[in-house]
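run11.tsv follows; it contains TSV, C-alpha atoms and all ligand atoms.
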```
chain	number	residue	atom	x	y	z
H	22	MET	CA	-2.89	1.12	-14.16
H	23	ARG	CA	-2.01	4.81	-14.30
H	24	LEU	CA	-1.03	4.88	-10.64
H	25	ALA	CA	1.19	1.82	-11.14
H	26	GLY	CA	3.14	3.70	-13.79
H	27	LEU	CA	3.66	6.68	-11.51
H	28	LEU	CA	4.92	5.02	-8.34
H	29	LYS	CA	8.59	5.86	-7.79
H	30	ALA	CA	11.26	3.81	-6.04
H	31	GLY	CA	11.31	4.55	-2.32
H	32	MET	CA	7.71	5.76	-2.11
H	33	VAL	CA	5.65	5.00	0.96
H	34	VAL	CA	1.90	4.80	0.37
H	35	TYR	CA	-0.66	4.36	3.14
H	36	LEU	CA	-3.90	2.56	2.34
H	37	ARG	CA	-6.68	3.52	4.73
H	38	GLY	CA	-10.23	2.26	5.07
H	39	ASP	CA	-12.37	-0.35	6.82
H	40	LEU	CA	-12.00	-4.08	6.37
H	41	GLY	CA	-13.24	-4.95	2.91
H	42	ALA	CA	-12.87	-1.41	1.61
H	43	GLY	CA	-10.61	-2.47	-1.27
H	44	LYS	CA	-7.04	-1.85	-0.07
H	45	THR	CA	-5.69	-5.27	-0.99
H	46	THR	CA	-7.65	-5.22	-4.24
H	47	LEU	CA	-5.82	-2.03	-5.25
H	48	VAL	CA	-2.42	-3.57	-4.43
H	49	ARG	CA	-3.33	-6.62	-6.52
H	50	ALA	CA	-4.27	-4.35	-9.45
H	51	LEU	CA	-1.06	-2.33	-9.07
H	52	LEU	CA	1.04	-5.50	-9.14
H	53	HIS	CA	-0.76	-6.89	-12.15
H	54	ALA	CA	-0.40	-3.56	-13.95
H	55	THR	CA	3.35	-3.70	-13.21
H	56	GLY	CA	3.49	-7.08	-14.92
H	57	PHE	CA	3.32	-9.48	-11.97
H	58	THR	CA	1.51	-12.64	-13.04
H	59	GLY	CA	1.56	-14.64	-9.80
H	60	ARG	CA	-0.93	-14.81	-7.00
H	61	VAL	CA	-1.22	-11.77	-4.76
H	62	LYS	CA	-2.11	-12.93	-1.26
H	63	SER	CA	-3.30	-10.62	1.48
H	64	PRO	CA	-0.53	-10.40	4.11
H	65	THR	CA	-3.15	-10.70	6.85
H	66	TYR	CA	-1.10	-13.15	8.91
H	67	THR	CA	2.40	-12.69	7.52
H	68	LEU	CA	2.09	-8.86	7.81
H	69	LEU	CA	4.38	-8.50	4.79
H	70	GLU	CA	4.53	-9.87	1.26
H	71	GLN	CA	7.45	-9.05	-1.02
H	72	TYR	CA	7.47	-8.74	-4.79
H	73	GLU	CA	10.06	-8.07	-7.43
H	74	VAL	CA	8.69	-7.26	-10.87
H	75	HIS	CA	10.95	-6.06	-13.68
H	76	GLY	CA	13.42	-4.66	-11.14
H	77	VAL	CA	10.70	-2.95	-9.10
H	78	HIS	CA	10.83	-3.95	-5.45
H	79	LEU	CA	7.39	-3.73	-3.93
H	80	ARG	CA	6.48	-4.38	-0.30
H	81	HIS	CA	2.90	-4.95	0.77
H	82	PHE	CA	2.26	-4.58	4.50
H	83	ASP	CA	-0.97	-5.34	6.31
H	84	LEU	CA	-0.46	-4.26	9.92
H	85	TYR	CA	-3.98	-5.05	11.11
H	86	ARG	CA	-2.62	-7.80	13.35
H	87	PHE	CA	0.59	-6.02	14.32
H	88	ARG	CA	0.81	-6.00	18.12
H	89	ASP	CA	4.33	-6.06	19.48
H	90	GLU	CA	6.45	-2.98	18.82
H	91	ASN	CA	9.61	-5.04	19.38
H	92	GLU	CA	8.64	-7.09	16.36
H	93	TRP	CA	9.17	-4.12	14.04
H	94	GLU	CA	12.93	-4.29	14.04
H	95	ALA	CA	13.20	-8.03	14.75
H	96	ALA	CA	11.12	-8.81	11.67
H	97	GLY	CA	13.31	-6.49	9.60
H	98	PHE	CA	10.44	-4.15	8.80
H	99	ARG	CA	12.48	-1.03	9.47
H	100	ASP	CA	15.02	-2.09	6.83
H	101	GLU	CA	12.29	-2.44	4.21
H	102	PHE	CA	11.76	1.34	4.19
H	103	ASN	CA	15.13	1.83	2.54
H	104	GLY	CA	14.47	4.51	-0.05
H	105	SER	CA	14.32	2.05	-2.92
H	106	ASN	CA	11.45	-0.32	-2.07
H	107	ILE	CA	7.95	0.88	-2.88
H	108	CYS	CA	6.07	0.27	0.37
H	109	LEU	CA	2.27	-0.03	0.33
H	110	VAL	CA	0.94	-0.13	3.88
H	111	GLU	CA	-2.52	-1.23	5.01
H	112	TRP	CA	-3.42	-0.23	8.60
H	113	PRO	CA	-0.42	2.07	9.22
H	114	GLU	CA	-2.24	3.35	12.32
H	115	LYS	CA	-1.56	-0.03	14.00
H	116	ALA	CA	2.15	0.81	14.22
H	117	PRO	CA	2.25	4.51	15.02
H	118	CYS	CA	5.72	6.04	15.34
H	119	LEU	CA	7.21	3.02	13.54
H	120	VAL	CA	5.95	3.32	9.96
H	121	PRO	CA	7.76	6.16	8.18
H	122	GLN	CA	5.79	9.14	6.89
H	123	ALA	CA	3.74	8.49	3.76
H	124	ASP	CA	4.37	10.21	0.45
H	125	MET	CA	0.75	9.49	-0.45
H	126	GLU	CA	-2.34	8.30	1.37
H	127	ILE	CA	-5.20	6.55	-0.37
H	128	MET	CA	-8.45	6.47	1.60
H	129	PHE	CA	-11.27	4.09	0.72
H	130	GLU	CA	-14.86	4.63	1.70
H	131	ILE	CA	-17.52	1.99	1.05
H	132	LEU	CA	-20.64	3.46	-0.55
H	133	PRO	CA	-24.02	1.73	-1.03
H	134	VAL	CA	-22.82	1.20	-4.60
H	135	GLY	CA	-19.06	1.20	-5.25
H	136	ARG	CA	-16.32	3.08	-3.43
H	137	ASN	CA	-15.23	6.63	-2.87
H	138	ILE	CA	-11.46	6.98	-3.01
H	139	THR	CA	-9.55	10.04	-1.83
H	140	ILE	CA	-5.84	10.40	-2.52
H	141	CYS	CA	-3.67	12.97	-0.80
H	142	ALA	CA	0.04	13.74	-1.02
H	143	ASN	CA	2.28	14.67	1.93
H	144	THR	CA	5.67	15.11	0.28
H	145	ALA	CA	7.12	16.60	-2.91
H	146	THR	CA	7.42	13.08	-4.36
H	147	GLY	CA	3.80	12.38	-3.50
H	148	ARG	CA	2.61	15.67	-4.96
H	149	GLU	CA	4.46	15.00	-8.21
H	150	CYS	CA	2.74	11.63	-8.47
H	151	LEU	CA	-0.67	13.07	-7.65
H	152	ILE	CA	-0.34	15.91	-10.18
H	153	SER	CA	0.62	13.43	-12.91
H	154	LEU	CA	-2.34	11.26	-11.94
H	155	ARG	CA	-4.74	14.21	-12.30
H	156	ASN	CA	-3.38	15.28	-15.68
H	201	LIG	N1	-13.68	-0.95	-5.79
H	201	LIG	C1	-14.38	-2.03	-5.44
H	201	LIG	N2	-15.67	-2.20	-5.84
H	201	LIG	C2	-16.37	-3.29	-5.49
H	201	LIG	N3	-15.89	-4.31	-4.73
H	201	LIG	C3	-14.63	-4.22	-4.30
H	201	LIG	C4	-13.81	-3.07	-4.63
H	201	LIG	N4	-12.60	-3.25	-4.05
H	201	LIG	C5	-12.67	-4.45	-3.39
H	201	LIG	N5	-13.86	-5.03	-3.55
H	201	LIG	C6	-14.27	-6.32	-3.00
H	201	LIG	O1	-14.28	-6.20	-1.57
H	201	LIG	C7	-13.74	-7.36	-0.98
H	201	LIG	C8	-12.66	-7.03	0.03
H	201	LIG	O2	-11.65	-6.26	-0.60
H	201	LIG	P1	-10.17	-6.15	-0.03
H	201	LIG	O3	-9.38	-5.49	-1.09
H	201	LIG	O4	-9.67	-7.46	0.47
H	201	LIG	O5	-10.38	-5.18	1.23
H	201	LIG	P2	-9.34	-4.63	2.30
H	201	LIG	O6	-7.96	-5.02	1.90
H	201	LIG	O7	-9.56	-3.14	2.31
H	201	LIG	O8	-9.76	-5.22	3.62
H	201	LIG	C9	-13.22	-8.24	-2.10
H	201	LIG	O9	-14.16	-9.29	-2.25
H	201	LIG	C10	-13.22	-7.37	-3.32
H	201	LIG	O10	-13.54	-8.08	-4.48
H	202	MG	MG	-6.48	-6.04	3.01
```
Rewrite the coordinates I just gave you, this time as structure tokens.
Amino acid sequence: MRLAGLLKAGMVVYLRGDLGAGKTTLVRALLHATGFTGRVKSPTYTLLEQYEVHGVHLRHFDLYRFRDENEWEAAGFRDEFNGSNICLVEWPEKAPCLVPQADMEIMFEILPVGRNITICANTATGRECLISLRN
């Protein structure tokens, strides 16, 4: 809930971790915290789901099945990173050189009980968000 309140328009956030680590679950929680009441589907096959909640434009990518680099532009993915959409990206490593740099990266590690989550910031925007999250 706190992270949802800190995400700024235009931010790119990578979600890293094995299948089942909790990436989609976090996106679902972020959307619900923002006030979205509908169903949040995993974009496993569609690669992208789009949301607009109270004027916040959120894009949820799951690039696990992304194969064809030509698809990036054809599908309009490049245009989604437009400086105003908040883009949450699962499996960014499946489209290297195509996904823009992340402001923040959230890494999930499955433990015998629960999860370990590490968040790092790569840009000034990301650092601002991370500092507010820690305070
Ligand atoms: N923090 C968590 N603690 C316990 N179970 C979790 C957690 N996050 C996700 N899960 C469970 O793990 C399963 C897969 O989560 P999901 O978010 O779809 O993973 P991913 O998107 O990383 O592949 C779901 O059944 C979910 O309920
Ligand atoms: Mg997922």
Find the residues near ligand MG 202 (chain H). Use a cut-off of 12 Å, count all atoms listed in the file, and write them as a PyMOL selection string. chain H and resi 35-49+61-70+81-86+109-113+129
What would the file look like if the residues just selected were written as an mmCIF file, in the coordinates of the input with C-alpha atoms?
```cif
data_model
loop_
_atom_site.group_PDB
_atom_site.id
_atom_site.type_symbol
_atom_site.label_atom_id
_atom_site.label_comp_id
_atom_site.auth_asym_id
_atom_site.auth_seq_id
_atom_site.Cartn_x
_atom_site.Cartn_y
_atom_site.Cartn_z
ATOM 1 C CA TYR H 35 -0.660 4.360 3.140
ATOM 2 C CA LEU H 36 -3.900 2.560 2.340
ATOM 3 C CA ARG H 37 -6.680 3.520 4.730
ATOM 4 C CA GLY H 38 -10.230 2.260 5.070
ATOM 5 C CA ASP H 39 -12.370 -0.350 6.820
ATOM 6 C CA LEU H 40 -12.000 -4.080 6.370
ATOM 7 C CA GLY H 41 -13.240 -4.950 2.910
ATOM 8 C CA ALA H 42 -12.870 -1.410 1.610
ATOM 9 C CA GLY H 43 -10.610 -2.470 -1.270
ATOM 10 C CA LYS H 44 -7.040 -1.850 -0.070
ATOM 11 C CA THR H 45 -5.690 -5.270 -0.990
ATOM 12 C CA THR H 46 -7.650 -5.220 -4.240
ATOM 13 C CA LEU H 47 -5.820 -2.030 -5.250
ATOM 14 C CA VAL H 48 -2.420 -3.570 -4.430
ATOM 15 C CA ARG H 49 -3.330 -6.620 -6.520
ATOM 16 C CA VAL H 61 -1.220 -11.770 -4.760
ATOM 17 C CA LYS H 62 -2.110 -12.930 -1.260
ATOM 18 C CA SER H 63 -3.300 -10.620 1.480
ATOM 19 C CA PRO H 64 -0.530 -10.400 4.110
ATOM 20 C CA THR H 65 -3.150 -10.700 6.850
ATOM 21 C CA TYR H 66 -1.100 -13.150 8.910
ATOM 22 C CA THR H 67 2.400 -12.690 7.520
ATOM 23 C CA LEU H 68 2.090 -8.860 7.810
ATOM 24 C CA LEU H 69 4.380 -8.500 4.790
ATOM 25 C CA GLU H 70 4.530 -9.870 1.260
ATOM 26 C CA HIS H 81 2.900 -4.950 0.770
ATOM 27 C CA PHE H 82 2.260 -4.580 4.500
ATOM 28 C CA ASP H 83 -0.970 -5.340 6.310
ATOM 29 C CA LEU H 84 -0.460 -4.260 9.920
ATOM 30 C CA TYR H 85 -3.980 -5.050 11.110
ATOM 31 C CA ARG H 86 -2.620 -7.800 13.350
ATOM 32 C CA LEU H 109 2.270 -0.030 0.330
ATOM 33 C CA VAL H 110 0.940 -0.130 3.880
ATOM 34 C CA GLU H 111 -2.520 -1.230 5.010
ATOM 35 C CA TRP H 112 -3.420 -0.230 8.600
ATOM 36 C CA PRO H 113 -0.420 2.070 9.220
ATOM 37 C CA PHE H 129 -11.270 4.090 0.720
#
```
Here atom O6 of ligand LIG 201 (chain H) and atom CA of H:Arg155 stand apart by 24.1 Å
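Ranking H:Leu51, H:Ala96, H:Leu79, H:Val134 by their shortest atom-to-atom distance to ligand LIG 201 (chain H), with all atoms listed in the file included, puts H:Val134 first.
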Just need the box for stretch 36-47 of chain H, edges along x, y and z, holding every atom the file lists for it with 3 Å tacked onto each side, so centre and edge lengths in Å to one decimal, as lines of an AutoDock Vina configuration file.
```
center_x = -8.6
center_y = -0.9
center_z = 0.8
size_x = 15.3
size_y = 14.8
size_z = 18.1
```
Within 9 Å of (14.0, 1.0, -3.0), in the coordinates the file gives, what residues turn up when you count only C-alpha atoms, written out as a ChimeraX atom specification? /H:29-32,77-79,101-108
Top pick for closest residue to H:Ala50, considering H:Met125, H:Val74, H:Leu24, H:Val33 and counting only C-alpha atoms: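 Residue with the minimum atom-to-atom distance to H:Ala50: H:Leu24.
What separates atom CA of H:Pro117 from atom N2 of ligand LIG 201 (chain H) is a distance of 28.3 Å.
Distances here use only C-alpha atoms and all ligand atoms; by that measure, the residue among H:Glu130, H:Asp89, H:Asp124, H:Glu149 closest to ligand LIG 201 (chain H) is H:Glu130.
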What does the structure give for the distance between atom C3 of ligand LIG 201 (chain H) and atom CA of H:Met128, in Å to one decimal?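 Straight-line distance from atom C3 of ligand LIG 201 (chain H) to atom CA of H:Met128 works out to 13.7 Å.
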